[in-house]
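Trainee: Here's a structure for you.
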Amino acid sequence: MAACSFRRSIASQLSKVLDLPPENLIKSISAVPVSKKRHVADFQLSIASVTEDSSTDCLAQDLHLQAQKLAERLKCDAVVREISAGPGTVNFTINRELLAKTVLQQVLKDGSQYGVKSELFSAVPRQKAVIEFSSPNIAKKFHVGHLRSTIVGNFIANLKVALGHEVIRINYLGDWGMQFGLLGVGFQHFGNKEKLKSSPLQHLFERLGVHFDEYSGESFYHEKSQEILKTLEDKGLLQKTIKGTGIVDLSEKKDLSSFSTVMRSDGTSLYITRDLAAAIDRMNKHSCDTMIYVTDKSQSNHFQHLFQILKLMGYDWAERCQHVSFGLVQGMKTRRGEVIFLEDVLNEVRSRMLQNMASAKTTKEVEDPMETAEKVGLAALIIQDFRGLLSSDYQFSWDRALQSRGDTGVFLQYTHARLHRGVKFMMGITETSRKRKPIKMNFPPHFHSLEQMHGNEQLTDVNVACLQEPDAISVLQHLLRYDEVLYRSSQDLQPKHIVSYLLTLSHLAAVAHKTLPVKGSAPELAQARLCLFQAARLVLASGMKLLGITPVTQM
Ligand code: ARG
């Protein structure tokens, strides 16, 4: 991992000076975000994170002084060409040739694995996670909340899998109240999976590439929830109210200042009782390290109660259960109507995109406009949804989501298609137009397979060291940060870090595309630039895929 080898090298010098083990220092060294001011350093060490006594309030001046002192004790070497002190940081600038070579070599070698192989993840134990998401109610329509749960859950599952964890995806259908539900038998026996398969829901799953390892339903836990009530009673946790309902006291002082109702007065179970049964069942079946539930935030109390009751029942793993909640989407309406359901979203996004594509001058003849419109439209929905903190509500706007410029999924798709086309065109692979003759260049033989990088290729024949323009350096510096961004998202399960990273990458690539032409440049330079664009495209594509977006190659 490019960033890692640099961090390691910086850490090893620091470790001698600070007399701290390099492993402790690596976490404190981060790639500097690219800024509009040119000539930013590549890495920085935050002084506060390595000072001995972080409890005492260190004054800003003190930190600056400490940074200066430390910077003076460090020396430039073959890797680091410049060391300077900033407010509370020591800044490191990597040898420029080495920067280009190491980053590009690593991206092209690791391909979709770039970033996830970083040693930032080496201390993270591989785990097994059960992730429940989507979970619509079969008797009712699939609404925007379920759509949000589906794309959020899919993202979390994708990210975990990419980082080497084992994931079980569960769709827990709300089938309670339907006649087969009352019979207390799983929906499988009644062919409802078939019903699901023919629905727009299934269609959505197939675009998004969402799949589930398990479908279960609330009705499946009808009998088991009676067992739960029995256990609660045996453990002395079930109390009867005067009305005859069954409750569990959740308060610390056992004064019923907080409680959860788990049984109706007629002895039947409730939503939470079935969830208790389902959770225990999942844990028995999968013995996972963690269980994640993805629903809107109106269910936060429900899940807190669920985890508390499990804990009271003696299941310590309840501490490893997590509710990932998201806010409300307001104002999602069709052109004509009001509330919007899944079919409407899919139809609307497709037709709006088709219309936009038809009116855009830049749109080339796209092979399958319907399919492209759908992929681009879904990207627009996902990016609009993932831009902010998941828990915040947001006002949905078709126009904002579908803008071709600005921070949208359309812009990401557009950039991806352009980078893809650029690379292909320059290699003379796909260009058939008579007007535009492909440029003949002597690429090294392996260069033609850049599109299908499998990790063995070396850049030995391409002189990437000539990538020294500020716009090229900015792209390289940004590529250095990818592992840190993945790390942040893996910690708080928020997609927004990856989203803003990819938007910045697209903006930087768009600028570089303008200022660093391939066409008309000397072959050596053209090759090096192609490598840069190819690397940007690869990282863009893998980030998009994590978010659940299928990158398009034409639009
Ligand atoms: N079907 C429920 C709803 O639409 C969501 C289920 C959430 N998951 C759970 N285990 N309770 O509101």
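Labeling convention for the structure tokens: chains A, B, ... as they appear, residues from 1 per chain, ligands from 1 in order of appearance.
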Need the shell around region 411-420 of chain A: protein/DNA/RNA residues with any atom at most 9 Å away, counting only C-alpha atoms. Skip same-chain ones fewer than 4 positions apart. Format as a PyMOL selection string?

Mentor: chain A and resi 375-376+379-380+402-407+424-425+451+502-503+506-507+509-510+513+533-534+536-538+540-541+544+549-555

Trainee: Just want the residues within 9 Å of ligand 1, written as a tab-separated table (two decimals) with C-alpha atoms, in the first residue's frame, counting only C-alpha atoms and all ligand atoms.

Mentor:
chain	number	residue	atom	x	y	z
A	132	GLU	CA	-30.28	-7.11	8.60
A	133	PHE	CA	-31.54	-4.56	6.12
A	134	SER	CA	-34.31	-3.73	3.66
A	135	SER	CA	-36.97	-5.59	5.69
A	136	PRO	CA	-40.15	-4.36	4.00
A	137	ASN	CA	-43.65	-5.31	5.08
A	138	ILE	CA	-45.10	-7.61	2.47
A	140	LYS	CA	-47.80	-2.94	2.53
A	142	PHE	CA	-42.19	-0.75	-0.09
A	143	HIS	CA	-41.52	2.89	0.73
A	145	GLY	CA	-37.53	4.21	4.20
A	146	HIS	CA	-37.08	0.65	2.97
A	171	ASN	CA	-33.98	-9.54	4.89
A	172	TYR	CA	-36.53	-9.72	7.70
A	173	LEU	CA	-39.92	-9.40	6.13
A	174	GLY	CA	-42.76	-7.88	8.03
A	175	ASP	CA	-45.34	-10.47	7.17
A	217	GLY	CA	-40.23	-13.18	8.38
A	218	GLU	CA	-41.78	-11.98	11.56
A	271	TYR	CA	-42.99	-6.76	17.46
A	272	ILE	CA	-40.22	-6.68	20.09
A	274	ARG	CA	-40.53	-11.54	17.82
A	275	ASP	CA	-37.33	-9.55	17.48
A	276	LEU	CA	-36.00	-11.12	20.69
A	278	ALA	CA	-35.17	-13.63	15.92
A	279	ALA	CA	-31.99	-12.22	17.48
A	293	TYR	CA	-29.89	-3.63	12.12
A	294	VAL	CA	-30.50	-0.91	9.55
A	295	THR	CA	-33.76	1.03	9.93
A	296	ASP	CA	-34.94	4.60	10.19
A	299	GLN	CA	-37.08	2.63	15.67
A	302	HIS	CA	-37.20	-0.25	19.91
A	303	PHE	CA	-33.67	-1.47	19.29

Trainee: Which of region 182-343 of chain A counts as strand (DSSP E) under DSSP, as a ChimeraX atom specification please?

Mentor: /A:214-217,238-240,246-249,259-263,290-296,321-326,329-330

Trainee: Give me a file of those residues, with N, CA and C atoms, as a short mmCIF file (atom, residue, chain, number, x, y, z; two decimals), in the first residue's frame.

Mentor:
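The result, written out as part_24.cif:
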data_model
loop_
_atom_site.label_atom_id
_atom_site.label_comp_id
_atom_site.auth_asym_id
_atom_site.auth_seq_id
_atom_site.Cartn_x
_atom_site.Cartn_y
_atom_site.Cartn_z
N GLU A 214 -30.29 -14.74 3.46
CA GLU A 214 -31.40 -15.31 4.19
C GLU A 214 -32.60 -14.38 4.14
N TYR A 215 -33.76 -14.96 3.87
CA TYR A 215 -35.00 -14.21 4.03
C TYR A 215 -35.70 -14.83 5.22
N SER A 216 -36.12 -14.01 6.16
CA SER A 216 -36.94 -14.58 7.22
C SER A 216 -38.11 -13.63 7.41
N GLY A 217 -39.06 -14.04 8.21
CA GLY A 217 -40.23 -13.18 8.38
C GLY A 217 -40.64 -13.15 9.83
N LEU A 238 -40.44 -10.98 33.71
CA LEU A 238 -41.74 -10.59 33.17
C LEU A 238 -42.69 -10.15 34.28
N GLN A 239 -43.21 -8.93 34.14
CA GLN A 239 -44.17 -8.45 35.14
C GLN A 239 -45.51 -8.22 34.45
N LYS A 240 -46.59 -8.49 35.20
CA LYS A 240 -47.93 -8.26 34.63
C LYS A 240 -48.46 -6.92 35.12
N GLY A 246 -47.84 -7.82 29.55
CA GLY A 246 -46.58 -8.25 30.15
C GLY A 246 -45.47 -7.24 29.83
N ILE A 247 -44.74 -6.82 30.87
CA ILE A 247 -43.69 -5.83 30.64
C ILE A 247 -42.36 -6.28 31.26
N VAL A 248 -41.27 -5.70 30.76
CA VAL A 248 -39.95 -5.95 31.35
C VAL A 248 -39.43 -4.61 31.86
N ASP A 249 -39.05 -4.58 33.12
CA ASP A 249 -38.53 -3.35 33.72
C ASP A 249 -37.11 -3.11 33.22
N PHE A 259 -39.58 0.92 30.79
CA PHE A 259 -39.96 -0.49 30.61
C PHE A 259 -40.34 -0.75 29.16
N SER A 260 -40.46 -2.04 28.84
CA SER A 260 -40.85 -2.41 27.48
C SER A 260 -41.98 -3.42 27.55
N THR A 261 -43.01 -3.21 26.76
CA THR A 261 -44.14 -4.15 26.75
C THR A 261 -43.84 -5.27 25.77
N VAL A 262 -43.87 -6.49 26.27
CA VAL A 262 -43.51 -7.64 25.43
C VAL A 262 -44.67 -8.60 25.18
N MET A 263 -45.80 -8.37 25.88
CA MET A 263 -46.94 -9.29 25.71
C MET A 263 -48.25 -8.53 25.79
N THR A 290 -20.90 -9.75 15.51
CA THR A 290 -21.72 -8.56 15.63
C THR A 290 -23.01 -8.68 14.82
N MET A 291 -24.07 -8.03 15.31
CA MET A 291 -25.34 -8.02 14.57
C MET A 291 -25.73 -6.56 14.33
N ILE A 292 -26.03 -6.26 13.10
CA ILE A 292 -26.36 -4.88 12.75
C ILE A 292 -27.77 -4.82 12.18
N TYR A 293 -28.54 -3.84 12.64
CA TYR A 293 -29.89 -3.63 12.12
C TYR A 293 -29.93 -2.27 11.46
N VAL A 294 -30.45 -2.20 10.24
CA VAL A 294 -30.50 -0.91 9.55
C VAL A 294 -31.97 -0.49 9.36
N THR A 295 -32.40 0.49 10.11
CA THR A 295 -33.76 1.03 9.93
C THR A 295 -33.74 2.53 10.18
N ASP A 296 -34.87 3.16 9.93
CA ASP A 296 -34.94 4.60 10.19
C ASP A 296 -34.91 4.85 11.70
N CYS A 321 -24.41 -5.83 19.49
CA CYS A 321 -25.48 -5.56 18.53
C CYS A 321 -25.53 -4.05 18.28
N GLN A 322 -25.85 -3.69 17.10
CA GLN A 322 -25.83 -2.27 16.76
C GLN A 322 -27.01 -1.89 15.88
N HIS A 323 -27.61 -0.77 16.21
CA HIS A 323 -28.66 -0.25 15.33
C HIS A 323 -28.08 0.89 14.51
N VAL A 324 -28.01 0.73 13.21
CA VAL A 324 -27.56 1.83 12.35
C VAL A 324 -28.83 2.52 11.87
N SER A 325 -29.01 3.76 12.32
CA SER A 325 -30.26 4.43 12.00
C SER A 325 -30.05 5.53 10.97
N PHE A 326 -31.11 5.82 10.25
CA PHE A 326 -31.03 6.90 9.27
C PHE A 326 -32.26 7.79 9.38
N VAL A 329 -36.45 10.96 4.61
CA VAL A 329 -36.28 11.63 3.32
C VAL A 329 -37.58 12.38 3.08
N GLN A 330 -37.48 13.70 2.97
CA GLN A 330 -38.69 14.48 2.77
C GLN A 330 -38.83 14.91 1.32
#

Trainee: With distances taken over only C-alpha atoms, which residue among A:Lys253, A:Lys141, A:His305, A:Lys27 lies nearest Ser122 (chain A)?

Mentor: A:Lys27

Trainee: A:Leu532, A:Ala277, A:Leu208, A:Val152: which is nearest Lys545 (chain A), counting only C-alpha atoms?

Mentor: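 Of all the options, A:Leu208 lies closest to Lys545 (chain A).
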
Trainee: What is the distance, in Å and to one decimal place, between CA of Ala11 (chain A) and CA of Ile26 (chain A)?

Mentor: 5.8 Å

Trainee: Just how far from CA of Ser35 (chain A) is CA of Pro517 (chain A), in Å to one decimal?

Mentor: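 For CA of Pro517 (chain A) relative to CA of Ser35 (chain A), the distance reads 22.3 Å.
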
Trainee: Pick out the closest residue to Val167 (chain A) from this set: A:Glu119, A:Asp289, A:Glu72, A:Glu82. Count only C-alpha atoms.

Mentor: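 Nearest candidate to Val167 (chain A) out of A:Glu119, A:Asp289, A:Glu72, A:Glu82: A:Asp289.
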
Trainee: Give me the residues near region 393-399 of chain A as a ChimeraX atom specification, where near means some atom within 12 Å (using only C-alpha atoms) and where sequence neighbours in that chain fewer than 5 positions away do not count.

Mentor: /A:144-145,148,296-298,325-335,340,345,348-353,356,377-378,380-388,404-406,408-410

Trainee: With C-alpha atoms retained, could you export that selection as a tab-separated table (two decimals), in the first residue's frame?

Mentor:
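What ended up in part.tsv:
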chain	number	residue	atom	x	y	z
A	144	VAL	CA	-38.62	5.30	0.71
A	145	GLY	CA	-37.53	4.21	4.20
A	148	ARG	CA	-32.88	3.80	2.25
A	296	ASP	CA	-34.94	4.60	10.19
A	297	LYS	CA	-34.35	6.39	13.47
A	298	SER	CA	-37.96	6.18	14.61
A	325	SER	CA	-30.26	4.43	12.00
A	326	PHE	CA	-31.03	6.90	9.27
A	327	GLY	CA	-33.19	9.99	8.99
A	328	LEU	CA	-36.28	10.77	6.99
A	329	VAL	CA	-36.28	11.63	3.32
A	330	GLN	CA	-38.69	14.48	2.77
A	331	GLY	CA	-40.35	15.58	-0.41
A	332	MET	CA	-39.76	12.56	-2.57
A	333	LYS	CA	-42.59	13.05	-5.02
A	334	THR	CA	-43.18	12.09	-8.61
A	335	ARG	CA	-43.71	14.73	-11.29
A	340	ILE	CA	-43.60	7.77	-3.90
A	345	VAL	CA	-38.72	5.95	-7.89
A	348	GLU	CA	-39.02	8.39	-12.40
A	349	VAL	CA	-35.28	8.23	-12.16
A	350	ARG	CA	-35.02	6.34	-15.43
A	351	SER	CA	-37.27	8.64	-17.37
A	352	ARG	CA	-35.69	11.81	-16.00
A	353	MET	CA	-32.22	10.55	-16.79
A	356	ASN	CA	-31.45	14.62	-19.51
A	377	GLY	CA	-30.14	7.54	-11.98
A	378	LEU	CA	-29.49	5.11	-9.15
A	380	ALA	CA	-27.82	10.02	-8.34
A	381	LEU	CA	-30.19	8.65	-5.69
A	382	ILE	CA	-27.44	6.96	-3.74
A	383	ILE	CA	-25.13	9.97	-3.69
A	384	GLN	CA	-27.91	12.33	-2.67
A	385	ASP	CA	-28.73	9.90	0.12
A	386	PHE	CA	-25.16	9.32	1.27
A	387	ARG	CA	-23.79	12.84	1.16
A	388	GLY	CA	-24.71	13.78	4.70
A	404	SER	CA	-24.66	16.67	-14.29
A	405	ARG	CA	-22.21	19.07	-12.68
A	406	GLY	CA	-21.74	19.59	-8.99
A	408	THR	CA	-23.92	14.36	-7.68
A	409	GLY	CA	-23.88	10.73	-8.64
A	410	VAL	CA	-24.37	11.83	-12.24

Trainee: Just asking: which residues within region 192-409 of chain A are helix (DSSP H, G or I) according to DSSP, as number ranges by chain?

Mentor: A: 192-197, 200-208, 218-234, 271-286, 297-312, 316-320, 342-359, 369-386, 398-402, 409

Trainee: For each of A:Ile309, A:Val475, A:Leu147, A:Leu204, take the minimum atom-to-atom distance to Val511 (chain A), counting only C-alpha atoms, then give the residue where this is smallest.

Mentor: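 Among the listed residues, the smallest separation from Val511 (chain A) belongs to A:Val475.
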
Trainee: Counting only C-alpha atoms, what is within 12 Å of Asp316 (chain A), bar same-chain residues fewer than 3 positions away, as a ChimeraX atom specification?

Mentor: /A:280,283,289-290,307-313,319-321

Trainee: For Arg169 (chain A), please output as a ChimeraX atom specification all residues within 6 Å (counting only C-alpha atoms; exclusion window: fewer than 3 positions along the same chain).

Mentor: /A:131-132,212-213

Trainee: Go ahead and compute the interatomic distance for CA of Cys4 (chain A) and CA of Ala60 (chain A), in Å to one decimal.

Mentor: 28.8 Å
